[in-house]
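Q: For reference, this is my_file-v2.tsv, and it has TSV, C-alpha atoms.
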```tsv
chain	number	residue	atom	x	y	z
G	1	MET	CA	112.34	-143.06	-40.21
G	2	GLU	CA	109.15	-142.43	-42.12
G	3	ARG	CA	106.98	-145.51	-42.51
G	4	LEU	CA	105.78	-146.50	-45.92
G	5	ALA	CA	102.00	-146.87	-46.30
G	6	ILE	CA	101.15	-149.92	-48.35
G	7	ASN	CA	97.65	-150.11	-49.86
G	8	VAL	CA	96.38	-153.69	-49.59
G	9	ASP	CA	92.73	-152.89	-50.45
G	10	ALA	CA	91.24	-155.41	-52.81
G	11	PRO	CA	89.85	-154.24	-56.14
G	12	ARG	CA	86.35	-152.86	-55.95
G	13	GLY	CA	84.98	-155.74	-58.06
G	14	VAL	CA	86.32	-158.36	-55.62
G	15	LEU	CA	84.63	-156.60	-52.71
G	16	TRP	CA	81.29	-156.58	-54.49
G	17	LEU	CA	81.70	-160.24	-55.42
G	18	ALA	CA	82.35	-161.14	-51.79
G	19	ARG	CA	79.28	-159.18	-50.71
G	20	LEU	CA	77.06	-160.90	-53.27
G	21	LEU	CA	78.36	-164.39	-52.41
G	22	ALA	CA	77.87	-163.88	-48.69
G	23	CYS	CA	74.41	-162.38	-49.04
G	24	ALA	CA	73.26	-165.13	-51.44
G	25	LEU	CA	74.40	-167.92	-49.14
G	26	LEU	CA	72.91	-166.28	-46.07
G	27	ALA	CA	69.59	-165.85	-47.88
G	28	LEU	CA	69.67	-169.48	-49.01
G	29	ALA	CA	70.34	-170.70	-45.47
G	30	SER	CA	67.59	-168.54	-43.96
G	31	THR	CA	64.85	-169.55	-46.43
G	32	ALA	CA	65.46	-173.32	-46.57
G	33	GLN	CA	62.63	-175.46	-45.18
G	34	PRO	CA	64.07	-177.01	-41.98
G	35	ALA	CA	62.15	-180.30	-42.31
G	36	ALA	CA	61.02	-182.95	-44.80
G	37	LEU	CA	58.12	-185.40	-44.80
G	38	THR	CA	59.84	-188.79	-45.02
G	39	GLY	CA	57.25	-191.44	-44.16
G	40	ILE	CA	53.60	-192.25	-43.47
G	41	GLN	CA	52.30	-194.88	-41.05
G	42	ASN	CA	48.86	-195.91	-42.22
G	43	TYR	CA	46.34	-197.29	-39.68
G	44	ARG	CA	43.30	-196.83	-41.92
G	45	TYR	CA	43.05	-200.60	-42.30
G	46	LEU	CA	41.48	-200.64	-38.83
G	47	VAL	CA	38.18	-199.44	-40.31
G	48	ASN	CA	38.25	-201.39	-43.59
G	49	GLY	CA	35.72	-203.98	-42.44
G	50	LEU	CA	33.21	-201.45	-41.12
G	51	PRO	CA	30.08	-200.36	-43.04
G	52	SER	CA	29.65	-196.92	-44.52
G	53	PRO	CA	29.94	-194.17	-43.31
G	54	GLU	CA	32.34	-195.37	-40.59
G	55	ARG	CA	34.67	-196.81	-43.23
G	56	GLU	CA	34.91	-193.50	-45.13
G	57	PHE	CA	35.07	-191.37	-41.98
G	58	PRO	CA	37.29	-193.03	-39.33
G	59	ALA	CA	36.65	-190.14	-36.93
G	60	LEU	CA	33.16	-191.55	-36.43
G	61	VAL	CA	34.83	-194.53	-34.75
G	62	HIS	CA	38.21	-193.40	-33.45
G	63	GLU	CA	40.98	-190.97	-34.30
G	64	PHE	CA	44.46	-190.12	-33.09
G	65	GLU	CA	44.75	-187.09	-30.80
G	66	GLY	CA	47.86	-186.97	-28.60
G	67	LEU	CA	51.16	-188.75	-29.33
G	68	ALA	CA	54.04	-189.48	-26.93
G	69	PHE	CA	57.09	-191.71	-26.58
G	70	THR	CA	57.93	-193.50	-23.35
G	71	GLU	CA	61.53	-194.27	-22.41
G	72	ASP	CA	61.40	-197.81	-23.84
G	73	GLY	CA	60.82	-196.36	-27.32
G	74	SER	CA	57.10	-197.15	-27.44
G	75	LEU	CA	54.95	-194.66	-29.32
G	76	TRP	CA	51.60	-194.13	-27.60
G	77	ALA	CA	48.51	-192.49	-29.07
G	78	SER	CA	45.47	-191.22	-27.21
G	79	ILE	CA	42.28	-192.11	-29.08
G	80	ALA	CA	39.47	-189.59	-29.07
G	81	ALA	CA	35.88	-190.52	-28.38
G	82	ASP	CA	33.46	-191.09	-31.23
G	83	PRO	CA	30.40	-188.78	-31.37
G	84	LEU	CA	28.62	-190.89	-28.73
G	85	GLY	CA	31.66	-190.99	-26.47
G	86	THR	CA	31.64	-194.78	-26.24
G	87	ARG	CA	35.34	-195.36	-26.89
G	88	ARG	CA	38.45	-193.65	-25.52
G	89	ASP	CA	41.72	-195.57	-25.45
G	90	PHE	CA	45.49	-195.40	-25.26
G	91	TRP	CA	47.22	-197.41	-27.98
G	92	ARG	CA	50.85	-198.58	-27.98
G	93	LEU	CA	51.92	-198.55	-31.61
G	94	ASP	CA	54.67	-200.15	-33.63
G	95	VAL	CA	56.38	-197.41	-35.65
G	96	ARG	CA	57.69	-199.91	-38.22
G	97	ASP	CA	54.89	-202.42	-38.83
G	98	ASN	CA	51.77	-200.26	-38.25
G	99	VAL	CA	50.49	-202.60	-35.56
G	100	VAL	CA	48.56	-201.77	-32.39
G	101	TYR	CA	50.42	-203.73	-29.71
G	102	GLN	CA	48.41	-202.76	-26.65
G	103	VAL	CA	45.11	-201.06	-25.85
G	104	ILE	CA	44.29	-199.47	-22.49
G	105	ALA	CA	40.74	-198.16	-22.01
G	106	ASP	CA	40.40	-194.61	-20.68
G	107	THR	CA	37.65	-194.98	-18.08
G	108	ARG	CA	39.01	-192.31	-15.75
G	109	PHE	CA	35.93	-190.10	-15.52
G	110	GLU	CA	32.91	-192.38	-15.53
G	111	PRO	CA	30.01	-191.65	-15.71
G	112	THR	CA	30.92	-188.34	-17.43
G	113	ALA	CA	33.65	-190.04	-19.49
G	114	ARG	CA	31.68	-189.73	-22.71
G	115	PHE	CA	32.16	-185.96	-22.52
G	116	ALA	CA	35.90	-186.16	-21.95
G	117	ASN	CA	38.53	-186.08	-24.67
G	118	PRO	CA	42.15	-187.19	-24.03
G	119	VAL	CA	43.65	-184.72	-26.47
G	120	ALA	CA	46.99	-184.09	-24.75
G	121	LEU	CA	49.63	-186.77	-24.19
G	122	ALA	CA	53.20	-186.51	-22.90
G	123	GLY	CA	55.86	-189.03	-21.94
G	124	GLU	CA	57.85	-188.78	-18.71
G	125	GLY	CA	60.13	-191.81	-18.43
G	126	SER	CA	57.77	-194.81	-18.45
G	127	ARG	CA	54.82	-192.64	-17.41
G	128	LEU	CA	52.13	-191.11	-19.61
G	129	ILE	CA	50.70	-187.70	-18.77
G	130	VAL	CA	47.19	-187.08	-20.11
G	131	GLY	CA	45.33	-183.82	-20.68
G	132	GLU	CA	41.57	-184.44	-20.57
G	133	ASN	CA	39.45	-181.80	-22.30
G	134	PHE	CA	35.89	-181.22	-21.07
G	135	ALA	CA	35.02	-178.41	-23.50
G	136	ALA	CA	31.96	-180.32	-24.76
G	137	LEU	CA	30.60	-180.61	-21.24
G	138	ARG	CA	31.22	-176.92	-20.53
G	139	ALA	CA	29.38	-176.06	-23.75
G	140	SER	CA	26.30	-177.75	-22.30
G	141	GLY	CA	26.40	-175.30	-19.38
G	142	LEU	CA	28.14	-177.40	-16.72
G	143	ALA	CA	31.04	-175.72	-14.91
G	144	ILE	CA	33.85	-178.29	-15.05
G	145	ASN	CA	37.60	-177.88	-15.42
G	146	ASP	CA	39.93	-179.70	-17.74
G	147	VAL	CA	42.10	-182.26	-15.95
G	148	LEU	CA	45.72	-183.37	-16.08
G	149	TRP	CA	46.52	-186.84	-14.80
G	150	ALA	CA	49.24	-189.48	-15.13
G	151	PHE	CA	49.57	-193.24	-15.11
G	152	THR	CA	52.34	-195.74	-15.75
G	153	PRO	CA	51.34	-198.60	-18.11
G	154	GLY	CA	51.84	-201.91	-16.35
G	155	VAL	CA	52.14	-200.25	-12.93
G	156	SER	CA	49.17	-197.92	-12.41
G	157	SER	CA	45.99	-197.40	-14.43
G	158	PRO	CA	43.48	-194.72	-15.49
G	159	GLU	CA	41.25	-195.84	-12.61
G	160	LEU	CA	44.14	-195.55	-10.11
G	161	PRO	CA	46.36	-192.80	-11.55
G	162	ASP	CA	49.72	-191.62	-10.22
G	163	TRP	CA	48.36	-188.10	-9.74
G	164	THR	CA	45.53	-185.80	-10.88
G	165	PHE	CA	45.45	-182.00	-11.19
G	166	SER	CA	42.54	-179.73	-12.09
G	167	LEU	CA	43.21	-177.11	-14.76
G	168	PRO	CA	40.76	-174.18	-14.52
G	169	ALA	CA	39.63	-172.59	-17.78
G	170	THR	CA	40.76	-169.23	-16.38
G	171	GLU	CA	44.33	-170.57	-16.45
G	172	CYS	CA	44.14	-172.65	-19.64
G	173	ASP	CA	41.15	-172.37	-21.94
G	174	GLU	CA	40.87	-175.79	-23.60
G	175	VAL	CA	43.95	-177.95	-23.05
G	176	GLU	CA	45.27	-179.41	-26.34
G	177	GLY	CA	48.89	-180.55	-25.94
G	178	ALA	CA	51.42	-181.54	-23.27
G	179	ALA	CA	55.20	-181.98	-23.05
G	180	THR	CA	57.87	-182.38	-20.39
G	181	ALA	CA	61.19	-180.53	-20.40
G	182	GLY	CA	63.70	-179.65	-17.69
G	183	GLY	CA	61.62	-181.20	-14.92
G	184	LYS	CA	58.58	-179.10	-15.83
G	185	LEU	CA	55.30	-179.93	-17.52
G	186	TYR	CA	54.13	-177.66	-20.32
G	187	VAL	CA	50.57	-177.48	-21.65
G	188	SER	CA	49.25	-175.75	-24.77
G	189	CYS	CA	45.88	-174.03	-24.49
G	190	GLN	CA	43.98	-173.72	-27.76
G	191	THR	CA	41.46	-170.94	-27.24
G	192	ASP	CA	43.60	-168.41	-25.35
G	193	GLY	CA	46.74	-169.28	-27.34
G	194	THR	CA	49.13	-169.74	-24.41
G	195	ILE	CA	51.66	-172.28	-23.19
G	196	ILE	CA	51.69	-172.68	-19.43
G	197	GLU	CA	54.39	-174.14	-17.19
G	198	ILE	CA	53.33	-176.50	-14.40
G	199	ASP	CA	55.22	-178.12	-11.54
G	200	PRO	CA	54.42	-181.84	-11.98
G	201	GLN	CA	54.98	-182.47	-8.26
G	202	SER	CA	52.51	-179.92	-6.91
G	203	GLY	CA	50.40	-178.95	-9.91
G	204	GLN	CA	51.26	-175.30	-9.31
G	205	ILE	CA	51.12	-173.11	-12.42
G	206	GLY	CA	54.21	-171.01	-13.08
G	207	LYS	CA	55.11	-169.03	-16.19
G	208	LYS	CA	52.75	-168.34	-19.07
G	209	PHE	CA	53.88	-167.78	-22.63
G	210	PRO	CA	51.31	-166.09	-24.89
G	211	LEU	CA	51.45	-166.92	-28.61
G	212	ASP	CA	49.28	-165.17	-31.15
G	213	ALA	CA	47.63	-168.33	-32.50
G	214	GLN	CA	45.26	-171.18	-31.69
G	215	LEU	CA	47.48	-173.94	-30.35
G	216	LEU	CA	47.20	-177.70	-30.73
G	217	GLY	CA	49.84	-180.39	-30.07
G	218	LEU	CA	52.98	-179.82	-27.99
G	219	GLU	CA	56.32	-181.64	-27.71
G	220	ALA	CA	59.85	-181.02	-26.42
G	221	LEU	CA	62.90	-181.30	-28.68
G	222	ASP	CA	66.29	-182.64	-27.59
G	223	ASP	CA	67.62	-179.19	-26.67
G	224	GLY	CA	64.64	-178.31	-24.48
G	225	ARG	CA	62.89	-176.13	-27.03
G	226	LEU	CA	59.18	-176.75	-27.52
G	227	LEU	CA	57.46	-177.75	-30.73
G	228	VAL	CA	53.89	-176.48	-30.86
G	229	GLY	CA	51.13	-176.90	-33.45
G	230	ASP	CA	49.80	-173.62	-34.83
G	231	TYR	CA	46.20	-174.30	-35.91
G	232	SER	CA	45.68	-170.74	-37.14
G	233	ASN	CA	48.43	-170.87	-39.76
G	234	HIS	CA	48.99	-174.63	-40.28
G	235	ARG	CA	52.56	-174.47	-39.00
G	236	LEU	CA	54.79	-176.06	-36.42
G	237	LEU	CA	56.39	-173.42	-34.24
G	238	VAL	CA	59.70	-173.86	-32.43
G	239	PHE	CA	59.44	-172.00	-29.12
G	240	ASP	CA	62.65	-171.25	-27.22
G	241	LEU	CA	61.95	-171.32	-23.48
G	242	ALA	CA	65.13	-169.39	-22.61
G	243	LEU	CA	64.41	-166.59	-25.10
G	244	GLN	CA	60.63	-166.88	-24.53
G	245	GLN	CA	59.91	-166.48	-28.22
G	246	VAL	CA	59.33	-168.40	-31.43
G	247	THR	CA	62.66	-168.84	-33.20
G	248	ASP	CA	61.70	-171.05	-36.15
G	249	SER	CA	58.72	-172.62	-37.89
G	250	ILE	CA	57.84	-175.42	-40.29
G	251	ASP	CA	55.26	-174.62	-42.96
G	252	LEU	CA	52.97	-177.65	-43.26
G	253	ALA	CA	51.42	-176.41	-46.51
G	254	SER	CA	54.80	-176.65	-48.24
G	255	LEU	CA	55.13	-180.29	-47.11
G	256	PHE	CA	51.59	-181.40	-48.03
G	257	THR	CA	50.20	-179.12	-50.74
G	258	GLY	CA	50.88	-179.16	-54.46
G	259	PRO	CA	52.55	-181.53	-56.94
G	260	ASP	CA	56.02	-180.50	-55.72
G	261	SER	CA	55.26	-181.35	-52.08
G	262	ASP	CA	56.80	-184.23	-50.11
G	263	TYR	CA	53.32	-185.70	-49.60
G	264	PHE	CA	52.65	-185.86	-53.34
G	265	ARG	CA	56.05	-187.47	-53.86
G	266	LEU	CA	55.22	-190.21	-51.32
G	267	VAL	CA	51.55	-190.84	-52.19
G	268	GLY	CA	51.14	-189.61	-55.77
G	269	GLU	CA	48.14	-187.40	-55.04
G	270	GLU	CA	47.15	-184.21	-53.25
G	271	TYR	CA	46.48	-184.29	-49.50
G	272	LEU	CA	42.70	-184.23	-49.01
G	273	VAL	CA	40.86	-185.45	-45.90
G	274	GLN	CA	37.19	-185.14	-44.95
G	275	VAL	CA	36.83	-185.69	-41.21
G	276	VAL	CA	33.04	-186.14	-40.92
G	277	PRO	CA	30.23	-186.11	-43.53
G	278	SER	CA	28.96	-182.69	-42.43
G	279	GLU	CA	32.31	-180.98	-43.10
G	280	GLY	CA	34.21	-180.15	-46.27
G	281	PHE	CA	37.61	-181.43	-47.32
G	282	ARG	CA	40.82	-180.27	-45.65
G	283	SER	CA	43.76	-179.67	-47.96
G	284	VAL	CA	46.27	-178.88	-45.18
G	285	PRO	CA	46.51	-181.09	-42.07
G	286	ASP	CA	46.15	-179.80	-38.53
G	287	PRO	CA	48.97	-180.73	-36.09
G	288	ASP	CA	46.92	-182.38	-33.33
G	289	GLY	CA	49.35	-184.95	-31.93
G	290	LEU	CA	53.11	-184.41	-31.74
G	291	ALA	CA	55.91	-186.72	-30.63
G	292	TYR	CA	59.66	-186.49	-31.19
G	293	ARG	CA	62.49	-189.02	-31.16
G	294	ASP	CA	65.96	-189.25	-32.77
G	295	GLY	CA	65.58	-186.25	-35.04
G	296	THR	CA	62.11	-187.19	-36.32
G	297	ILE	CA	58.77	-185.56	-35.54
G	298	TYR	CA	55.71	-187.82	-35.51
G	299	MET	CA	52.43	-186.03	-36.19
G	300	ALA	CA	48.79	-187.10	-36.09
G	301	PHE	CA	45.94	-185.13	-37.63
G	302	ASP	CA	42.23	-184.87	-37.00
G	303	GLY	CA	40.26	-187.75	-38.52
G	304	ASP	CA	43.14	-189.14	-40.59
G	305	LEU	CA	44.25	-192.36	-38.82
G	306	ARG	CA	47.74	-191.90	-40.22
G	307	ILE	CA	50.94	-190.78	-38.51
G	308	PHE	CA	53.39	-188.68	-40.50
G	309	ALA	CA	57.15	-188.81	-39.94
G	310	ILE	CA	58.88	-185.47	-40.48
G	311	ALA	CA	62.68	-185.45	-40.31
G	312	LEU	CA	64.41	-182.32	-39.12
G	313	ARG	CA	67.00	-181.44	-41.75
G	314	VAL	CA	70.64	-181.31	-40.67
G	315	PRO	CA	72.72	-179.04	-42.94
G	316	GLU	CA	74.99	-180.91	-45.36
G	317	PRO	CA	78.75	-180.48	-44.67
G	318	THR	CA	79.17	-178.58	-47.94
G	319	THR	CA	76.39	-176.19	-46.94
G	320	VAL	CA	78.04	-175.57	-43.59
G	321	VAL	CA	81.39	-174.91	-45.30
G	322	LEU	CA	79.85	-172.52	-47.83
G	323	LEU	CA	77.96	-170.66	-45.13
G	324	GLY	CA	81.18	-170.37	-43.13
G	325	LEU	CA	82.99	-168.97	-46.17
G	326	ALA	CA	80.16	-166.49	-46.67
G	327	LEU	CA	80.46	-165.27	-43.11
G	328	LEU	CA	84.25	-164.97	-43.46
G	329	CYS	CA	83.77	-162.96	-46.64
G	330	LEU	CA	81.38	-160.61	-44.88
G	331	ALA	CA	83.76	-160.22	-41.95
G	332	TRP	CA	86.65	-159.47	-44.33
G	333	VAL	CA	84.61	-156.92	-46.27
G	334	PHE	CA	83.57	-155.04	-43.15
G	335	ARG	CA	87.12	-155.19	-41.76
G	336	ARG	CA	88.53	-153.60	-44.93
G	337	ARG	CA	85.88	-150.90	-44.80
```
In structure tokens, how does this file's structure come out?

A:
Amino acid sequence: MERLAINVDAPRGVLWLARLLACALLALASTAQPAALTGIQNYRYLVNGLPSPEREFPALVHEFEGLAFTEDGSLWASIAADPLGTRRDFWRLDVRDNVVYQVIADTRFEPTARFANPVALAGEGSRLIVGENFAALRASGLAINDVLWAFTPGVSSPELPDWTFSLPATECDEVEGAATAGGKLYVSCQTDGTIIEIDPQSGQIGKKFPLDAQLLGLEALDDGRLLVGDYSNHRLLVFDLALQQVTDSIDLASLFTGPDSDYFRLVGEEYLVQVVPSEGFRSVPDPDGLAYRDGTIYMAFDGDLRIFAIALRVPEPTTVVLLGLALLCLAWVFRRR
């Protein structure tokens, strides 16, 4: 018996409509900013009683560098030295009330401590891992390596650390950020633009991941991916360790610049910070310190004395449904063709 061929092809207009709907939704999903600036913790009051110019330029006194959470939920900040190198601390902060709960002096490298700079900070359980940058001392002609070391607040101290590793400039030129993920320690190196993997038990350097940018802060997300500050382009990069490539980015200019930005919505003015009197204003912040907890990124910038909370956006259920429909439409179109 001869079979009857039944034509079930949809009208040409329906096919084009499905294509347009799917492409529009895919484009919308791919271009949406994956984060939003949701809050600002202001610690500028700490310099209110000081005379000028320290009051106008907090970096002359102290500034946030590294940020890290410990397992008890405490947010710690490493405080950079002032121009004379007389103060370097670790502060335990309250993320709700803008209060400094605890101060631990960083006296690890006396008498050369005034040349050190605790720019990198990572949390490992209740322990803090510090990256100490001696770039200023090397600039004076002295051959000295950057140093990684760790201490546990309330148990050990900067004077009696848990461990200390030397980090030669040939392996990491100017340490800037640190993060722990999957039992490994990762460090971002500003000048040579690489992320290096380190065994925290032995200090042995493993893999190296070159990125075409000057790198600043570093942090690990819940899924093991790394968040790294891109100084060259004022972005936050999401680096996938398994794929060994950048898979996403957050444009800081879109969050902080212009009257339509999240920053303007929160503060009512443009972002503008002058770090020291000899420099000009900065209209886009630099991601120096990075910490992450419960879907929120905490960021500290050079000379600002504020910490910015950036929430990673989770797609709305309706967006997920529409995107799913778009993909089904595309699949149906290609199946019919």

Q: Which residue, G:Gly73, G:Gly193, G:Gly303, G:Gly268, has the smallest gap to Phe281 (chain G) when you use all atoms listed in the file?

A: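 With all atoms listed in the file as the atom set, the closest residue is G:Gly303.
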
Q: Quick one: everything within 7 Å of Thr247 (chain G), counting all atoms listed in the file, minus sequence neighbours fewer than 3 positions away in the same chain. Send it as a ChimeraX atom specification.

A: /G:238-240

Q: Kindly export the residues of the current selection with C-alpha atoms, as a PDB file, in the coordinates of the input.

A:
```pdb
ATOM      1  CA  VAL G 238      59.700-173.860 -32.430  1.00  0.00           C
ATOM      2  CA  PHE G 239      59.440-172.000 -29.120  1.00  0.00           C
ATOM      3  CA  ASP G 240      62.650-171.250 -27.220  1.00  0.00           C
TER       4      ASP G 240
END
```

Q: Please provide the set of residues having any atom within 12 Å of Asp230 (chain G), restricted to only C-alpha atoms, with same-chain residues fewer than 5 positions apart removed, written as number ranges by chain.

A: G: 176-177, 188-191, 193-195, 211-218, 235-239, 246, 249-252, 285-290

Q: Which residues are near Leu185 (chain G)? Cut-off 7 Å, all atoms listed in the file, ignore same chain within fewer than 6 positions. Put them as a ChimeraX atom specification.

A: /G:179,197-200

Q: What gap, in Å, lies between CA of Leu167 (chain G) and CA of Gln244 (chain G)?

A: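 Here the two named atoms are 22.4 Å from each other.
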
Q: Just to confirm, what's the straight-line distance from CA of Pro58 (chain G) to CA of Tyr45 (chain G) in Å (one decimal)?

A: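 Result for CA of Pro58 (chain G) versus CA of Tyr45 (chain G): 10.0 Å, one decimal.
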
Q: Go through G:Asp192, G:Asp302, G:Glu219, G:Glu174 one by one, measure the shortest atom-to-atom distance of each to Ala80 (chain G) using all atoms listed in the file, and give the residue with the smallest value.

A: G:Asp302

Q: Pick out the closest residue to Gln102 (chain G) from this set: G:Val47, G:Leu37, G:Met299, G:Ala77. Count only C-alpha atoms.

A: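 Nearest candidate to Gln102 (chain G) out of G:Val47, G:Leu37, G:Met299, G:Ala77: G:Ala77.
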
Q: What separation in Å, quoted to one decimal, exists between CA of Ala220 (chain G) and CA of Ala242 (chain G)?

A: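 We find that CA of Ala220 (chain G) and CA of Ala242 (chain G) lie 13.3 Å from each other.
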
Q: Fix up region 203-217 of chain G with N, CA, C and O atoms, then write it as a compact mmCIF listing (two decimals), in the coordinates of the input.

A:
```txt
# COMPACT_ATOMS: atom_id res chain seq x y z
N GLY G 203 51.47 -179.44 -9.06
CA GLY G 203 50.40 -178.95 -9.91
C GLY G 203 50.33 -177.43 -9.96
O GLY G 203 49.42 -176.87 -10.59
N GLN G 204 51.27 -176.76 -9.34
CA GLN G 204 51.26 -175.30 -9.31
C GLN G 204 51.65 -174.73 -10.68
O GLN G 204 52.61 -175.18 -11.30
N ILE G 205 50.88 -173.74 -11.12
CA ILE G 205 51.12 -173.11 -12.42
C ILE G 205 52.14 -172.00 -12.26
O ILE G 205 52.03 -171.16 -11.38
N GLY G 206 53.15 -172.00 -13.12
CA GLY G 206 54.21 -171.01 -13.08
C GLY G 206 54.08 -170.01 -14.21
O GLY G 206 53.09 -169.29 -14.33
N LYS G 207 55.06 -170.02 -15.10
CA LYS G 207 55.11 -169.03 -16.19
C LYS G 207 54.03 -169.32 -17.24
O LYS G 207 53.58 -170.45 -17.42
N LYS G 208 53.67 -168.24 -17.93
CA LYS G 208 52.75 -168.34 -19.07
C LYS G 208 53.39 -167.67 -20.27
O LYS G 208 53.96 -166.58 -20.15
N PHE G 209 53.29 -168.31 -21.42
CA PHE G 209 53.88 -167.78 -22.63
C PHE G 209 52.79 -167.58 -23.68
O PHE G 209 52.29 -168.56 -24.26
N PRO G 210 52.37 -166.34 -23.90
CA PRO G 210 51.31 -166.09 -24.89
C PRO G 210 51.85 -166.15 -26.32
O PRO G 210 52.89 -165.57 -26.63
N LEU G 211 51.14 -166.87 -27.18
CA LEU G 211 51.45 -166.92 -28.61
C LEU G 211 50.21 -166.48 -29.37
O LEU G 211 49.09 -166.84 -29.00
N ASP G 212 50.40 -165.74 -30.41
CA ASP G 212 49.28 -165.17 -31.15
C ASP G 212 48.73 -166.19 -32.15
O ASP G 212 48.85 -166.02 -33.36
N ALA G 213 48.16 -167.28 -31.63
CA ALA G 213 47.63 -168.33 -32.50
C ALA G 213 46.80 -169.29 -31.67
O ALA G 213 46.93 -169.35 -30.45
N GLN G 214 45.94 -170.05 -32.34
CA GLN G 214 45.26 -171.18 -31.69
C GLN G 214 46.23 -172.35 -31.68
O GLN G 214 46.76 -172.73 -32.73
N LEU G 215 46.44 -172.93 -30.51
CA LEU G 215 47.48 -173.94 -30.35
C LEU G 215 46.89 -175.33 -30.24
O LEU G 215 45.83 -175.54 -29.65
N LEU G 216 47.62 -176.30 -30.79
CA LEU G 216 47.20 -177.70 -30.73
C LEU G 216 48.28 -178.53 -30.01
O LEU G 216 48.57 -178.30 -28.86
N GLY G 217 48.89 -179.50 -30.70
CA GLY G 217 49.84 -180.39 -30.07
C GLY G 217 51.08 -179.70 -29.55
O GLY G 217 51.43 -178.59 -29.98
```
